[in-house]
Amino acid sequence: MSQSQFSDAARTEPSAQTSLGMQRTKALIFATLGFMVTFWAWSLISPLGPHFVDEDFTDNSALLVAVPVLVGSLGRILVGSFTDRLGGRFMMSFIALVSVIPVLFVGFIGQYSYPALLIGGFFLGVAGTSFAVGVPYVNRWFPPERRGFAIGVYGVGMGGTAVAAFTTVPLHNIWPKLPFVLAAGILIVYAVVAYTMMRNPPDWTPSKQSLAATMSETMRIKLTWQACYLYALTFGGYVAFSVYLPTLLHNNYGLDPTDASLRMAGFVVVAVILRPIGGGLSDRFGAIAVLIVSYSVIVVCALVLAFDPAAFLVYTVAFILMSAGLGMGAGATFALIAQYSDPAKIGSITGFVGAAGGLGGFVPPLLLGAMWTARGSYSIGLVLLGGFTIIALLITLWVAHDARQRITDREGTS
């Protein structure tokens, strides 16, 4: 190679790397924004839970806030598989656009009667399926050593819940339809711009496997079920508190709906910030170590809160630390999947794991609502959270053991 050819090649390689880096950044930004705006839509009913109780729609808002969570969770199984087949660019834009319909239905019709609100909440759950699109999409764009952090950054999109918490009640007080009209408009703008600007990863090829075969194969992977439980605990705990915390604070501590929603938003912000940190720490120290620390923090906080501390400082710090543990654990769980699974299977695994996370958020609000109605206390529910977290710790150690065993087997055959 001549000196001039060598110089040209040297200039071309950094240029190509810079271009790829810019494409990765753009992909991550659009995926995160899509996750955020759809999660905002998904969470619109939750901050208004106390309002619907005050309006005598129901004496228990748990079912209202849980229905979108259930649909958004189960839908992720299909959406994750469709993402492997149709690509993240199409699926993220499609889900954002389709979500406009239930958002406007709830805003103009659903919020004025309990049955219509349940129907609107059911279809609003579609917005919550977007999570299963972004994880495989982002995972494909980034190299293995950066996937934990990248997926953690994508997870910041769950801050859409905080957007809903901060804005829904104030906007609703101005005009009851305003939060829904605003969310619908942003969803439409995002869908159009994302479809125009997003690109699928260079190495992505559509899966040709049938949907049934893909799901069957995914269900035979042990890590699928291990990660399902871990994510049901971390992300499920986050979702459960993000949708039910306003009601819990209103019932247990007498906070008014606006104050309770703002406190819930603070809980959400902490979890959102800690999620990419959990992913980044997993890249550096391993997902197993981060999960062990996260679950240990959650256990301690759950047990402290089970004693119903009356002091503002005590219960506030406990909720914040629990939020940090849940956020770090959620980020570390998907770093675990990225570290121990086949990239071609991540979309399908993500669908199952995302569904488990959402289901983990569906059940606790119903249980907490029932416990409050029956006993006027949430203590038993918080003790159960601590117990289920200890099980998650044991499963994490099981995954670590399996990983060490695979390494030993490979060394034994080499």
# chains A, B, ... in the order shown; residues from 1 in each chain; ligands from 1

call {"tool": "residues_around", "arguments": {"residues": "region 61-75 of chain A", "least_positions_apart": "4", "cutoff": "6 Å", "atoms": "only C-alpha atoms", "output": "ChimeraX atom specification"}}
result
/A:46,49,121-122,124-126,128-129,355,358-359,362,365-366,369

call {"tool": "write_last_selection", "arguments": {"atoms": "N, CA, C and O atoms", "output": "compact mmCIF listing (two decimals), in the first residue's frame"}}
result
# COMPACT_ATOMS: atom_id res chain seq x y z
N SER A 46 -53.21 7.30 36.38
CA SER A 46 -52.73 7.13 37.75
C SER A 46 -52.80 8.40 38.60
O SER A 46 -53.33 8.35 39.72
N GLY A 49 -56.18 9.19 40.10
CA GLY A 49 -56.85 8.19 40.93
C GLY A 49 -57.58 8.79 42.12
O GLY A 49 -58.79 8.54 42.32
N GLY A 121 -58.89 2.70 29.81
CA GLY A 121 -57.65 2.25 30.44
C GLY A 121 -57.15 0.95 29.85
O GLY A 121 -55.94 0.74 29.71
N PHE A 122 -58.08 0.08 29.47
CA PHE A 122 -57.70 -1.20 28.85
C PHE A 122 -56.91 -0.95 27.57
O PHE A 122 -55.82 -1.49 27.37
N LEU A 124 -55.58 1.86 26.63
CA LEU A 124 -54.42 2.70 26.90
C LEU A 124 -53.20 1.85 27.23
O LEU A 124 -52.05 2.29 27.07
N GLY A 125 -53.45 0.61 27.65
CA GLY A 125 -52.34 -0.30 27.94
C GLY A 125 -51.43 -0.55 26.75
O GLY A 125 -50.27 -0.92 26.92
N VAL A 126 -51.93 -0.34 25.52
CA VAL A 126 -51.11 -0.51 24.32
C VAL A 126 -49.85 0.35 24.40
O VAL A 126 -48.77 -0.06 23.97
N GLY A 128 -48.07 1.02 26.86
CA GLY A 128 -47.07 0.43 27.73
C GLY A 128 -46.27 -0.69 27.10
O GLY A 128 -45.28 -1.15 27.68
N THR A 129 -46.65 -1.14 25.90
CA THR A 129 -45.91 -2.21 25.24
C THR A 129 -44.64 -1.72 24.58
O THR A 129 -43.82 -2.52 24.14
N ALA A 355 -43.11 -8.21 30.07
CA ALA A 355 -44.46 -8.58 30.53
C ALA A 355 -44.45 -8.91 32.02
O ALA A 355 -45.34 -8.50 32.77
N GLY A 358 -44.26 -5.74 34.01
CA GLY A 358 -45.55 -5.06 34.09
C GLY A 358 -46.54 -5.77 34.98
O GLY A 358 -47.27 -5.14 35.75
N LEU A 359 -46.55 -7.11 34.90
CA LEU A 359 -47.44 -7.89 35.77
C LEU A 359 -47.04 -7.71 37.23
O LEU A 359 -47.89 -7.70 38.13
N PHE A 362 -48.85 -4.88 38.24
CA PHE A 362 -50.31 -4.98 38.21
C PHE A 362 -50.88 -5.49 39.53
O PHE A 362 -51.85 -4.97 40.05
N PRO A 365 -50.82 -3.08 43.38
CA PRO A 365 -51.84 -2.07 43.69
C PRO A 365 -53.18 -2.68 44.10
O PRO A 365 -53.85 -2.15 45.00
N LEU A 366 -53.54 -3.81 43.46
CA LEU A 366 -54.79 -4.47 43.84
C LEU A 366 -54.71 -5.02 45.26
O LEU A 366 -55.65 -4.88 46.06
N GLY A 369 -54.66 -2.10 47.74
CA GLY A 369 -55.99 -1.54 47.87
C GLY A 369 -56.89 -2.41 48.73
O GLY A 369 -57.63 -1.92 49.58

call {"tool": "residues_around", "arguments": {"residues": "Ala227 (chain A)", "least_positions_apart": "5", "cutoff": "8 Å", "atoms": "only C-alpha atoms", "output": "tab-separated table (two decimals) with all heavy atoms, in the first residue's frame"}}
result
chain	number	residue	atom	x	y	z
A	333	THR	N	-30.94	-5.69	35.45
A	333	THR	CA	-31.60	-6.89	34.93
A	333	THR	C	-31.40	-7.01	33.43
A	333	THR	O	-31.09	-8.09	32.91
A	333	THR	CB	-33.10	-6.88	35.27
A	333	THR	OG1	-33.27	-6.83	36.69
A	333	THR	CG2	-33.77	-8.14	34.73
A	337	ILE	N	-29.38	-9.67	30.92
A	337	ILE	CA	-29.85	-10.33	29.68
A	337	ILE	C	-28.86	-10.10	28.56
A	337	ILE	O	-28.53	-11.02	27.79
A	337	ILE	CB	-31.24	-9.80	29.30
A	337	ILE	CG1	-32.27	-10.19	30.38
A	337	ILE	CG2	-31.68	-10.34	27.94
A	337	ILE	CD1	-33.61	-9.52	30.19
A	353	VAL	N	-39.84	-10.84	29.57
A	353	VAL	CA	-39.36	-10.18	30.79
A	353	VAL	C	-40.10	-8.87	31.03
A	353	VAL	O	-40.47	-8.56	32.16
A	353	VAL	CB	-37.84	-9.95	30.69
A	353	VAL	CG1	-37.33	-9.17	31.90
A	353	VAL	CG2	-37.10	-11.29	30.61

call {"tool": "residues_around", "arguments": {"residues": "Ala191 (chain A)", "least_positions_apart": "6", "cutoff": "8 Å", "atoms": "only C-alpha atoms", "output": "list in words"}}
result
Met92, Ser93, Phe94, Ala96 and Leu97 of chain A

call {"tool": "closest_residue", "arguments": {"among": "A:Arg199, A:Glu217, A:Pro50, A:Gly87", "to": "Leu255 (chain A)", "atoms": "only C-alpha atoms"}}
result
A:Pro50

call {"tool": "decode", "arguments": {"residues": "region 286-313 of chain A", "atoms": "N, CA and C atoms", "output": "compact mmCIF listing (two decimals), in the first residue's frame"}}
result
# COMPACT_ATOMS: atom_id res chain seq x y z
N GLY A 286 -20.29 -6.07 36.64
CA GLY A 286 -21.13 -7.24 36.42
C GLY A 286 -22.53 -7.02 36.97
N ALA A 287 -23.52 -7.50 36.24
CA ALA A 287 -24.91 -7.30 36.64
C ALA A 287 -25.24 -8.00 37.96
N ILE A 288 -24.60 -9.14 38.20
CA ILE A 288 -24.91 -9.90 39.42
C ILE A 288 -24.63 -9.07 40.67
N ALA A 289 -23.46 -8.44 40.72
CA ALA A 289 -23.08 -7.65 41.91
C ALA A 289 -24.04 -6.49 42.12
N VAL A 290 -24.43 -5.83 41.04
CA VAL A 290 -25.33 -4.68 41.16
C VAL A 290 -26.71 -5.14 41.65
N LEU A 291 -27.17 -6.27 41.16
CA LEU A 291 -28.47 -6.77 41.59
C LEU A 291 -28.47 -7.13 43.07
N ILE A 292 -27.39 -7.73 43.54
CA ILE A 292 -27.31 -8.10 44.96
C ILE A 292 -27.41 -6.85 45.84
N VAL A 293 -26.68 -5.80 45.48
CA VAL A 293 -26.74 -4.55 46.25
C VAL A 293 -28.14 -3.95 46.19
N SER A 294 -28.73 -3.92 44.99
CA SER A 294 -30.06 -3.32 44.81
C SER A 294 -31.11 -4.03 45.66
N TYR A 295 -31.13 -5.35 45.60
CA TYR A 295 -32.13 -6.10 46.35
C TYR A 295 -31.94 -5.96 47.85
N SER A 296 -30.71 -5.87 48.29
CA SER A 296 -30.44 -5.69 49.73
C SER A 296 -31.04 -4.37 50.22
N VAL A 297 -30.88 -3.31 49.44
CA VAL A 297 -31.44 -2.01 49.80
C VAL A 297 -32.96 -2.08 49.86
N ILE A 298 -33.57 -2.75 48.88
CA ILE A 298 -35.04 -2.83 48.84
C ILE A 298 -35.58 -3.57 50.06
N VAL A 299 -34.93 -4.66 50.44
CA VAL A 299 -35.38 -5.43 51.61
C VAL A 299 -35.40 -4.56 52.86
N VAL A 300 -34.31 -3.84 53.09
CA VAL A 300 -34.22 -3.00 54.30
C VAL A 300 -35.31 -1.93 54.29
N CYS A 301 -35.50 -1.26 53.16
CA CYS A 301 -36.49 -0.18 53.08
C CYS A 301 -37.90 -0.70 53.25
N ALA A 302 -38.20 -1.85 52.66
CA ALA A 302 -39.54 -2.42 52.79
C ALA A 302 -39.86 -2.74 54.24
N LEU A 303 -38.90 -3.27 54.96
CA LEU A 303 -39.14 -3.62 56.36
C LEU A 303 -39.29 -2.38 57.23
N VAL A 304 -38.52 -1.33 56.92
CA VAL A 304 -38.68 -0.08 57.67
C VAL A 304 -40.08 0.50 57.46
N LEU A 305 -40.53 0.54 56.20
CA LEU A 305 -41.84 1.11 55.89
C LEU A 305 -42.98 0.26 56.44
N ALA A 306 -42.73 -1.03 56.64
CA ALA A 306 -43.77 -1.91 57.18
C ALA A 306 -44.20 -1.51 58.58
N PHE A 307 -43.33 -0.77 59.29
CA PHE A 307 -43.66 -0.32 60.64
C PHE A 307 -44.42 1.01 60.64
N ASP A 308 -44.83 1.46 59.44
CA ASP A 308 -45.60 2.71 59.31
C ASP A 308 -44.95 3.89 60.05
N PRO A 309 -43.70 4.21 59.72
CA PRO A 309 -43.05 5.34 60.41
C PRO A 309 -43.80 6.64 60.17
N ALA A 310 -44.09 7.35 61.24
CA ALA A 310 -44.86 8.59 61.12
C ALA A 310 -43.97 9.78 60.77
N ALA A 311 -42.68 9.69 61.10
CA ALA A 311 -41.76 10.81 60.86
C ALA A 311 -41.57 11.02 59.37
N PHE A 312 -41.76 12.25 58.92
CA PHE A 312 -41.63 12.59 57.50
C PHE A 312 -40.27 12.18 56.96
N LEU A 313 -39.20 12.48 57.70
CA LEU A 313 -37.85 12.19 57.23
C LEU A 313 -37.63 10.70 57.04
